[in-house]
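*Asks:* As input, take structure.txt (compact mmCIF, C-alpha atoms):
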# COMPACT_ATOMS: atom_id res chain seq x y z
CA GLN A 1 34.13 57.81 1.02
CA GLN A 2 36.93 58.03 3.56
CA GLN A 3 38.23 54.52 4.09
CA VAL A 4 40.83 55.57 6.65
CA LYS A 5 39.76 57.90 9.44
CA GLN A 6 42.45 59.82 11.31
CA SER A 7 42.29 61.77 14.56
CA PRO A 8 42.89 64.29 15.93
CA GLN A 9 43.01 66.92 13.17
CA SER A 10 45.47 68.96 15.20
CA LEU A 11 47.59 68.24 18.24
CA ILE A 12 49.79 70.39 20.47
CA VAL A 13 52.35 68.67 22.69
CA GLN A 14 55.04 70.02 24.96
CA LYS A 15 58.66 69.25 24.19
CA GLY A 16 59.62 65.92 25.69
CA GLY A 17 56.05 64.65 25.75
CA ILE A 18 54.43 61.78 23.86
CA SER A 19 52.46 62.53 20.69
CA ILE A 20 49.76 60.02 19.74
CA ILE A 21 47.85 59.99 16.46
CA ASN A 22 45.15 57.42 15.77
CA CYS A 23 43.74 55.86 12.61
CA ALA A 24 40.89 53.45 11.97
CA TYR A 25 39.99 51.54 8.83
CA GLU A 26 37.09 49.44 7.57
CA ASN A 27 38.48 47.43 4.68
CA THR A 28 39.88 44.17 6.07
CA ALA A 29 41.74 43.64 2.78
CA PHE A 30 44.24 46.35 3.74
CA ASP A 31 47.57 44.74 4.58
CA TYR A 32 50.12 47.54 4.60
CA PHE A 33 49.93 50.62 6.81
CA PRO A 34 52.48 53.41 6.32
CA TRP A 35 52.79 56.79 8.01
CA TYR A 36 53.97 59.82 6.05
CA GLN A 37 55.42 63.04 7.45
CA GLN A 38 55.03 66.37 5.69
CA PHE A 39 56.83 69.61 6.52
CA PRO A 40 55.37 72.94 5.35
CA GLY A 41 55.96 73.58 1.66
CA LYS A 42 57.25 70.04 1.06
CA GLY A 43 55.83 66.80 -0.23
CA PRO A 44 55.06 63.94 2.18
CA ALA A 45 57.82 61.45 2.94
CA LEU A 46 57.59 57.92 4.33
CA LEU A 47 58.27 57.84 8.08
CA ILE A 48 57.51 54.27 9.16
CA ALA A 49 55.28 51.40 8.02
CA ILE A 50 53.83 48.18 9.41
CA ARG A 51 52.28 44.95 8.15
CA PRO A 52 49.36 43.43 10.15
CA ASP A 53 51.31 40.32 11.09
CA VAL A 54 53.00 42.30 13.88
CA SER A 55 51.42 44.38 16.64
CA GLU A 56 54.18 46.96 16.99
CA LYS A 57 57.08 48.43 15.05
CA LYS A 58 59.60 50.83 16.48
CA GLU A 59 62.14 53.03 14.70
CA GLY A 60 63.96 55.37 17.01
CA ARG A 61 61.43 57.61 18.77
CA PHE A 62 58.62 56.57 16.41
CA THR A 63 56.42 53.54 17.10
CA ILE A 64 53.41 52.14 15.25
CA SER A 65 50.94 50.14 17.36
CA PHE A 66 48.56 47.92 15.40
CA ASN A 67 45.31 46.34 16.63
CA LYS A 68 44.01 44.05 13.90
CA SER A 69 40.81 43.01 15.71
CA ALA A 70 39.82 46.63 16.32
CA LYS A 71 41.01 47.69 12.85
CA GLN A 72 43.00 50.52 14.37
CA PHE A 73 46.60 51.65 14.30
CA SER A 74 48.41 54.54 15.88
CA LEU A 75 51.65 56.49 15.73
CA HIS A 76 53.48 57.30 18.95
CA ILE A 77 56.27 59.85 19.02
CA MET A 78 58.31 59.59 22.20
CA ASP A 79 60.29 62.53 23.60
CA SER A 80 58.65 64.84 21.04
CA GLN A 81 60.90 67.59 19.71
CA PRO A 82 60.12 70.92 17.98
CA GLY A 83 61.63 69.45 14.81
CA ASP A 84 58.80 66.88 14.82
CA SER A 85 56.29 69.67 14.14
CA ALA A 86 54.72 68.64 10.85
CA THR A 87 51.58 67.15 9.35
CA TYR A 88 51.30 63.37 9.68
CA PHE A 89 49.23 61.13 7.43
CA CYS A 90 48.34 57.53 8.02
CA ALA A 91 47.60 55.40 4.97
CA ALA A 92 46.56 51.92 3.96
CA GLN A 93 47.09 49.69 0.95
CA TRP A 94 45.93 46.25 -0.10
CA GLY A 95 47.98 43.72 -1.95
CA GLY A 96 45.91 43.71 -5.11
CA ALA A 97 46.41 47.41 -5.74
CA GLN A 98 49.27 49.82 -5.98
CA LYS A 99 47.22 52.65 -4.52
CA LEU A 100 47.40 54.17 -1.07
CA VAL A 101 44.34 55.47 0.78
CA PHE A 102 45.27 58.33 3.09
CA GLY A 103 43.75 59.61 6.29
CA GLN A 104 42.78 63.25 6.69
CA GLY A 105 46.07 64.27 8.31
CA THR A 106 47.09 65.58 11.74
CA ARG A 107 48.91 68.85 12.21
CA LEU A 108 51.32 68.31 15.09
CA THR A 109 52.91 71.23 16.93
CA ILE A 110 55.60 70.65 19.55
CA ASN A 111 55.99 73.60 21.87
CA PRO A 112 59.53 74.25 23.13
CA ASN B 1 69.31 62.41 -8.25
CA ALA B 2 66.56 65.04 -8.32
CA GLY B 3 63.88 62.49 -7.34
CA VAL B 4 60.41 63.72 -8.34
CA THR B 5 60.20 67.18 -9.88
CA GLN B 6 57.06 69.19 -10.61
CA THR B 7 56.43 72.33 -12.60
CA PRO B 8 55.19 74.92 -12.04
CA LYS B 9 55.44 75.54 -8.30
CA PHE B 10 52.62 78.09 -8.29
CA GLN B 11 49.87 78.92 -10.76
CA VAL B 12 46.84 81.20 -10.81
CA LEU B 13 44.13 80.50 -13.38
CA LYS B 14 40.81 82.05 -14.24
CA THR B 15 37.71 79.88 -14.37
CA GLY B 16 37.56 78.08 -17.71
CA GLN B 17 41.26 78.29 -18.50
CA SER B 18 43.25 75.15 -19.14
CA MET B 19 46.70 74.10 -18.03
CA THR B 20 48.99 71.10 -17.70
CA LEU B 21 50.96 70.20 -14.60
CA GLN B 22 54.21 68.46 -15.37
CA CYS B 23 55.89 65.72 -13.34
CA ALA B 24 59.10 63.81 -13.93
CA GLN B 25 61.04 61.22 -11.92
CA ASP B 26 64.59 60.00 -12.35
CA MET B 27 64.39 56.87 -10.18
CA ASN B 28 63.31 54.54 -13.00
CA HIS B 29 60.03 53.81 -11.19
CA ASN B 30 57.20 52.07 -12.99
CA SER B 31 54.31 53.60 -11.06
CA MET B 32 53.35 57.26 -10.90
CA TYR B 33 50.49 59.08 -9.17
CA TRP B 34 48.71 62.42 -9.01
CA TYR B 35 47.14 63.57 -5.72
CA ARG B 36 45.39 66.68 -4.54
CA GLN B 37 45.68 67.93 -0.98
CA ASP B 38 42.93 69.98 0.59
CA PRO B 39 42.59 71.04 4.26
CA GLY B 40 40.85 68.37 6.31
CA MET B 41 40.66 65.99 3.35
CA GLY B 42 44.12 64.50 3.37
CA LEU B 43 45.65 63.35 0.10
CA ARG B 44 43.19 62.13 -2.50
CA LEU B 45 44.26 60.17 -5.55
CA ILE B 46 43.25 61.72 -8.87
CA TYR B 47 44.85 59.33 -11.37
CA TYR B 48 47.65 56.84 -11.36
CA SER B 49 49.76 54.93 -13.84
CA ALA B 50 50.91 51.48 -12.80
CA SER B 51 53.31 51.25 -15.71
CA GLU B 52 54.23 53.05 -18.90
CA GLY B 53 51.26 53.04 -21.27
CA THR B 54 48.57 52.51 -18.62
CA THR B 55 46.50 54.97 -16.61
CA ASP B 56 43.61 54.48 -14.19
CA LYS B 57 41.18 56.69 -12.33
CA GLY B 58 41.60 57.31 -8.65
CA GLU B 59 39.16 58.67 -6.10
CA VAL B 60 38.56 62.13 -7.63
CA PRO B 61 39.20 62.02 -11.43
CA ASN B 62 36.42 64.31 -12.64
CA GLY B 63 37.70 67.42 -14.40
CA TYR B 64 41.18 65.99 -15.00
CA ASN B 65 43.03 64.06 -17.66
CA VAL B 66 46.47 62.49 -17.56
CA SER B 67 49.15 61.38 -19.96
CA ARG B 68 51.97 58.96 -19.22
CA LEU B 69 54.34 60.39 -21.79
CA ASN B 70 57.12 57.86 -21.11
CA LYS B 71 58.49 56.04 -18.10
CA ARG B 72 59.82 59.28 -16.58
CA GLU B 73 56.97 61.72 -17.17
CA PHE B 74 53.34 61.86 -16.05
CA SER B 75 51.31 65.00 -16.74
CA LEU B 76 47.97 66.18 -15.33
CA ARG B 77 45.70 68.40 -17.42
CA LEU B 78 42.85 70.60 -16.37
CA GLU B 79 40.78 71.27 -19.50
CA SER B 80 38.44 73.89 -18.00
CA ALA B 81 39.54 74.95 -14.54
CA ALA B 82 36.94 75.50 -11.82
CA PRO B 83 37.33 77.16 -8.38
CA SER B 84 36.75 73.72 -6.80
CA GLN B 85 40.08 72.66 -8.31
CA THR B 86 41.97 75.15 -6.17
CA SER B 87 44.33 72.87 -4.30
CA VAL B 88 47.91 71.71 -3.85
CA TYR B 89 48.78 68.99 -6.34
CA PHE B 90 51.39 66.35 -5.66
CA CYS B 91 52.98 63.88 -8.03
CA ALA B 92 54.53 60.69 -6.66
CA SER B 93 56.31 57.63 -7.95
CA SER B 94 57.05 54.16 -6.61
CA GLU B 95 58.53 50.84 -7.59
CA ARG B 96 57.00 47.54 -6.62
CA VAL B 97 58.42 44.08 -7.07
CA GLY B 98 55.93 41.25 -6.63
CA ARG B 99 53.98 41.79 -3.42
CA THR B 100 56.63 43.99 -1.87
CA TYR B 101 55.17 47.25 -0.69
CA ASN B 102 57.42 50.09 -1.77
CA GLU B 103 57.30 53.65 -0.57
CA GLN B 104 55.93 56.44 -2.68
CA PHE B 105 58.26 59.35 -3.31
CA PHE B 106 56.55 62.71 -3.58
CA GLY B 107 57.43 65.85 -5.48
CA PRO B 108 57.39 69.31 -3.87
CA GLY B 109 53.87 70.12 -5.10
CA THR B 110 52.13 72.71 -7.26
CA ARG B 111 49.92 75.25 -5.54
CA LEU B 112 47.04 76.07 -7.91
CA THR B 113 44.48 78.82 -7.40
CA VAL B 114 41.46 79.11 -9.69
CA LEU B 115 39.67 82.46 -9.53
With the file now loaded, output its structure as structure tokens.

*Replies:*
Amino acid sequence: QQQVKQSPQSLIVQKGGISIINCAYENTAFDYFPWYQQFPGKGPALLIAIRPDVSEKKEGRFTISFNKSAKQFSLHIMDSQPGDSATYFCAAQWGGAQKLVFGQGTRLTINP
Amino acid sequence: NAGVTQTPKFQVLKTGQSMTLQCAQDMNHNSMYWYRQDPGMGLRLIYYSASEGTTDKGEVPNGYNVSRLNKREFSLRLESAAPSQTSVYFCASSERVGRTYNEQFFGPGTRLTVL
């Protein structure tokens, strides 16, 4: 059972463009939503995270937008660069657990 | 600090063979996790250990066993490997204080092929 659904599976964006990856969840108990970035041959690493009490969080070129009523959240990468080419995973966690539930992942390619 | 280390990096097994994947962390974290990563499936939790001496099943525990040897080490054992266990395995650790949500730190992974 996939509790967090992520789309698209793959995405190609031109350098300088905006990359957008979307996630949707069902469990309203989730209250922490991180994004992880994974480069080929490496383990995932935390990129940015948000709590549902805010609708947006920005760190540099990376922004999470959160829509609590729609149970959706998305990652926006502004001015996308070739170095951003990686696989991105959204995830969700609820306060009573120490487990993360991950989305299926999005392979992002930024063309120079 | 080495962070989270995993051994081996690569392994090829024949169906029915057994093996243990090793994981160690030097960040003094209480919680440790084992995931498998398959194309199109994301990261799925196999087992986790919230603290030394405790282990719990995750989403896909069948065919695996774990041991939390001490605070630093968390091993994953395949007793009788099957081709369906061909995957990339990641170990992770995290520290949580109260209701603070702390990031999980991942190791570099073990790529396992079962023939």

*Asks:* Could you tell me which residues of chain B sit within 7 Å of chain A when counting only C-alpha atoms, and give me the result as a PyMOL selection string?

*Replies:* chain B and resi 40-43+99+103+105-109

*Asks:* Keeping only C-alpha atoms, write the selected residues as a JSON list (two decimals), in the coordinates of the input.

*Replies:*
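Final file, out31.json:
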[["chain", "number", "residue", "atom", "x", "y", "z"],
["B", 40, "GLY", "CA", 40.85, 68.37, 6.31],
["B", 41, "MET", "CA", 40.66, 65.99, 3.35],
["B", 42, "GLY", "CA", 44.12, 64.50, 3.37],
["B", 43, "LEU", "CA", 45.65, 63.35, 0.10],
["B", 99, "ARG", "CA", 53.98, 41.79, -3.42],
["B", 103, "GLU", "CA", 57.30, 53.65, -0.57],
["B", 105, "PHE", "CA", 58.26, 59.35, -3.31],
["B", 106, "PHE", "CA", 56.55, 62.71, -3.58],
["B", 107, "GLY", "CA", 57.43, 65.85, -5.48],
["B", 108, "PRO", "CA", 57.39, 69.31, -3.87],
["B", 109, "GLY", "CA", 53.87, 70.12, -5.10]]

*Asks:* Please identify all polymer residues lying at most 8 Å from the point (58.4, 73.8, 16.9) (file coordinates), using only C-alpha atoms, and present the result as a ChimeraX atom specification.

*Replies:* /A:81-85,109-112

*Asks:* Could you please determine the separation between atom CA of Glu26 of chain A and atom CA of Phe62 of chain A in Å, to one decimal place?

*Replies:*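 That distance, rounded to one decimal, is 24.3 Å.
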
*Asks:* So that I can check the surroundings of Gly63 of chain B, please list as a PyMOL selection string every protein, DNA and RNA residue that reaches within 10 Å of it, counting only C-alpha atoms and ignoring chain neighbours fewer than 5 positions away.

*Replies:* chain B and resi 46+77-82+84-85

*Asks:* Need to verify the contact set: segment 55-58 of chain B, 12 Å, all atoms listed in the file, exclusion of same-chain residues closer than 6 positions in sequence. Can you return it as a list in words?

*Replies:*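 The residues that qualify are Ala97, Gln98, Lys99, Leu100 and Val101 of chain A; Asn30, Ser31, Met32, Tyr33, Trp34, Tyr35, Arg36, Leu43, Arg44, Leu45, Ile46, Tyr47, Tyr48, Ser49, Tyr64, Asn65, Val66, Ser67, Arg68, Leu69, Asn70, Phe74, Ser75 and Leu76 of chain B.
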
*Asks:* Please measure the separation of atom CA of Gln37 of chain B and atom CA of Phe10 of chain B, giving the value in Å to one decimal.

*Replies:*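 Separation of atom CA of Gln37 of chain B and atom CA of Phe10 of chain B: 14.3 Å.
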
*Asks:* What lies within 8 Å of Ile77 of chain A using all atoms listed in the file, ignoring chain neighbours under 5 positions off, as a list in words?

*Replies:*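 Once the adjacent positions are removed, what remains is Ile18, Ser19, Ile20, Arg61, Phe62 and Thr63 of chain A.
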
*Asks:* How far is it from atom CA of Arg107 of chain A to atom CA of Phe90 of chain B, in Å with one decimal?

*Replies:*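 Interatomic distance here is 18.2 Å.
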
*Asks:* For Glu56 of chain A, please output as an MDAnalysis selection string all residues within 9 Å (counting all atoms listed in the file; exclusion window: fewer than 2 positions along the same chain).

*Replies:* chainID A and resid 50 54 58 63:67

*Asks:* Which residue gives the smallest distance to Phe73 of chain A among A:Gly16, A:Gly60, A:Pro52, A:Pro40, with all atoms listed in the file counted?

*Replies:*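 When distances to Phe73 of chain A are compared using all atoms listed in the file, the smallest one comes from A:Pro52.
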
*Asks:* As a short mmCIF file (atom, residue, chain, number, x, y, z; two decimals), keeping the file's coordinate frame, please: segment 62-97 of chain A completed to N, CA and C atoms.

*Replies:*
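Output contents, as saved in rebuild26.cif:
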data_model
loop_
_atom_site.label_atom_id
_atom_site.label_comp_id
_atom_site.auth_asym_id
_atom_site.auth_seq_id
_atom_site.Cartn_x
_atom_site.Cartn_y
_atom_site.Cartn_z
N PHE A 62 59.91 56.77 17.06
CA PHE A 62 58.62 56.57 16.41
C PHE A 62 58.19 55.11 16.51
N THR A 63 56.96 54.89 16.95
CA THR A 63 56.42 53.54 17.10
C THR A 63 55.02 53.48 16.50
N ILE A 64 54.77 52.42 15.71
CA ILE A 64 53.41 52.14 15.25
C ILE A 64 52.87 51.00 16.12
N SER A 65 51.67 51.21 16.67
CA SER A 65 50.94 50.14 17.36
C SER A 65 49.77 49.74 16.49
N PHE A 66 49.58 48.41 16.32
CA PHE A 66 48.56 47.92 15.40
C PHE A 66 47.63 46.97 16.12
N ASN A 67 46.32 47.20 16.02
CA ASN A 67 45.31 46.34 16.63
C ASN A 67 44.42 45.81 15.51
N LYS A 68 44.71 44.60 15.06
CA LYS A 68 44.01 44.05 13.90
C LYS A 68 42.53 43.82 14.20
N SER A 69 42.20 43.32 15.38
CA SER A 69 40.81 43.01 15.71
C SER A 69 39.95 44.28 15.77
N ALA A 70 40.55 45.36 16.23
CA ALA A 70 39.82 46.63 16.32
C ALA A 70 39.93 47.44 15.04
N LYS A 71 40.75 46.99 14.11
CA LYS A 71 41.01 47.69 12.85
C LYS A 71 41.47 49.13 13.13
N GLN A 72 42.45 49.22 14.01
CA GLN A 72 43.00 50.52 14.37
C GLN A 72 44.52 50.44 14.43
N PHE A 73 45.16 51.56 14.14
CA PHE A 73 46.60 51.65 14.30
C PHE A 73 46.95 53.08 14.68
N SER A 74 48.07 53.23 15.37
CA SER A 74 48.41 54.54 15.88
C SER A 74 49.92 54.79 15.80
N LEU A 75 50.25 56.06 15.74
CA LEU A 75 51.65 56.49 15.73
C LEU A 75 51.95 57.15 17.07
N HIS A 76 53.02 56.70 17.71
CA HIS A 76 53.48 57.30 18.95
C HIS A 76 54.84 57.92 18.71
N ILE A 77 54.98 59.18 19.10
CA ILE A 77 56.27 59.85 19.02
C ILE A 77 56.73 60.12 20.45
N MET A 78 57.77 59.43 20.84
CA MET A 78 58.31 59.59 22.20
C MET A 78 59.25 60.79 22.24
N ASP A 79 59.37 61.40 23.43
CA ASP A 79 60.29 62.53 23.60
C ASP A 79 60.15 63.51 22.43
N SER A 80 58.93 63.97 22.19
CA SER A 80 58.65 64.84 21.04
C SER A 80 59.52 66.09 21.06
N GLN A 81 60.00 66.44 19.87
CA GLN A 81 60.90 67.59 19.71
C GLN A 81 60.27 68.62 18.76
N PRO A 82 60.67 69.90 18.90
CA PRO A 82 60.12 70.92 17.98
C PRO A 82 60.31 70.57 16.51
N GLY A 83 61.38 69.87 16.19
CA GLY A 83 61.63 69.45 14.81
C GLY A 83 60.65 68.41 14.31
N ASP A 84 59.84 67.84 15.22
CA ASP A 84 58.80 66.88 14.82
C ASP A 84 57.53 67.59 14.37
N SER A 85 57.47 68.90 14.55
CA SER A 85 56.29 69.67 14.14
C SER A 85 56.10 69.53 12.64
N ALA A 86 54.98 68.97 12.24
CA ALA A 86 54.72 68.64 10.85
C ALA A 86 53.28 68.13 10.76
N THR A 87 52.86 67.83 9.54
CA THR A 87 51.58 67.15 9.35
C THR A 87 51.86 65.67 9.10
N TYR A 88 51.11 64.82 9.78
CA TYR A 88 51.30 63.37 9.68
C TYR A 88 50.06 62.74 9.04
N PHE A 89 50.31 61.85 8.10
CA PHE A 89 49.23 61.13 7.43
C PHE A 89 49.41 59.64 7.65
N CYS A 90 48.34 58.98 8.07
CA CYS A 90 48.34 57.53 8.02
C CYS A 90 47.79 57.12 6.65
N ALA A 91 48.06 55.90 6.26
CA ALA A 91 47.60 55.40 4.97
C ALA A 91 47.43 53.90 5.04
N ALA A 92 46.76 53.36 4.04
CA ALA A 92 46.56 51.92 3.96
C ALA A 92 46.58 51.47 2.50
N GLN A 93 47.00 50.24 2.29
CA GLN A 93 47.09 49.69 0.95
C GLN A 93 46.73 48.21 1.02
N TRP A 94 46.16 47.69 -0.04
CA TRP A 94 45.93 46.25 -0.10
C TRP A 94 46.72 45.64 -1.24
N GLY A 95 47.01 44.36 -1.08
CA GLY A 95 47.98 43.72 -1.95
C GLY A 95 47.62 43.73 -3.42
N GLY A 96 46.31 43.77 -3.72
CA GLY A 96 45.91 43.71 -5.11
C GLY A 96 46.01 45.03 -5.84
N ALA A 97 46.37 46.07 -5.13
CA ALA A 97 46.41 47.41 -5.74
C ALA A 97 47.75 48.06 -5.46
#
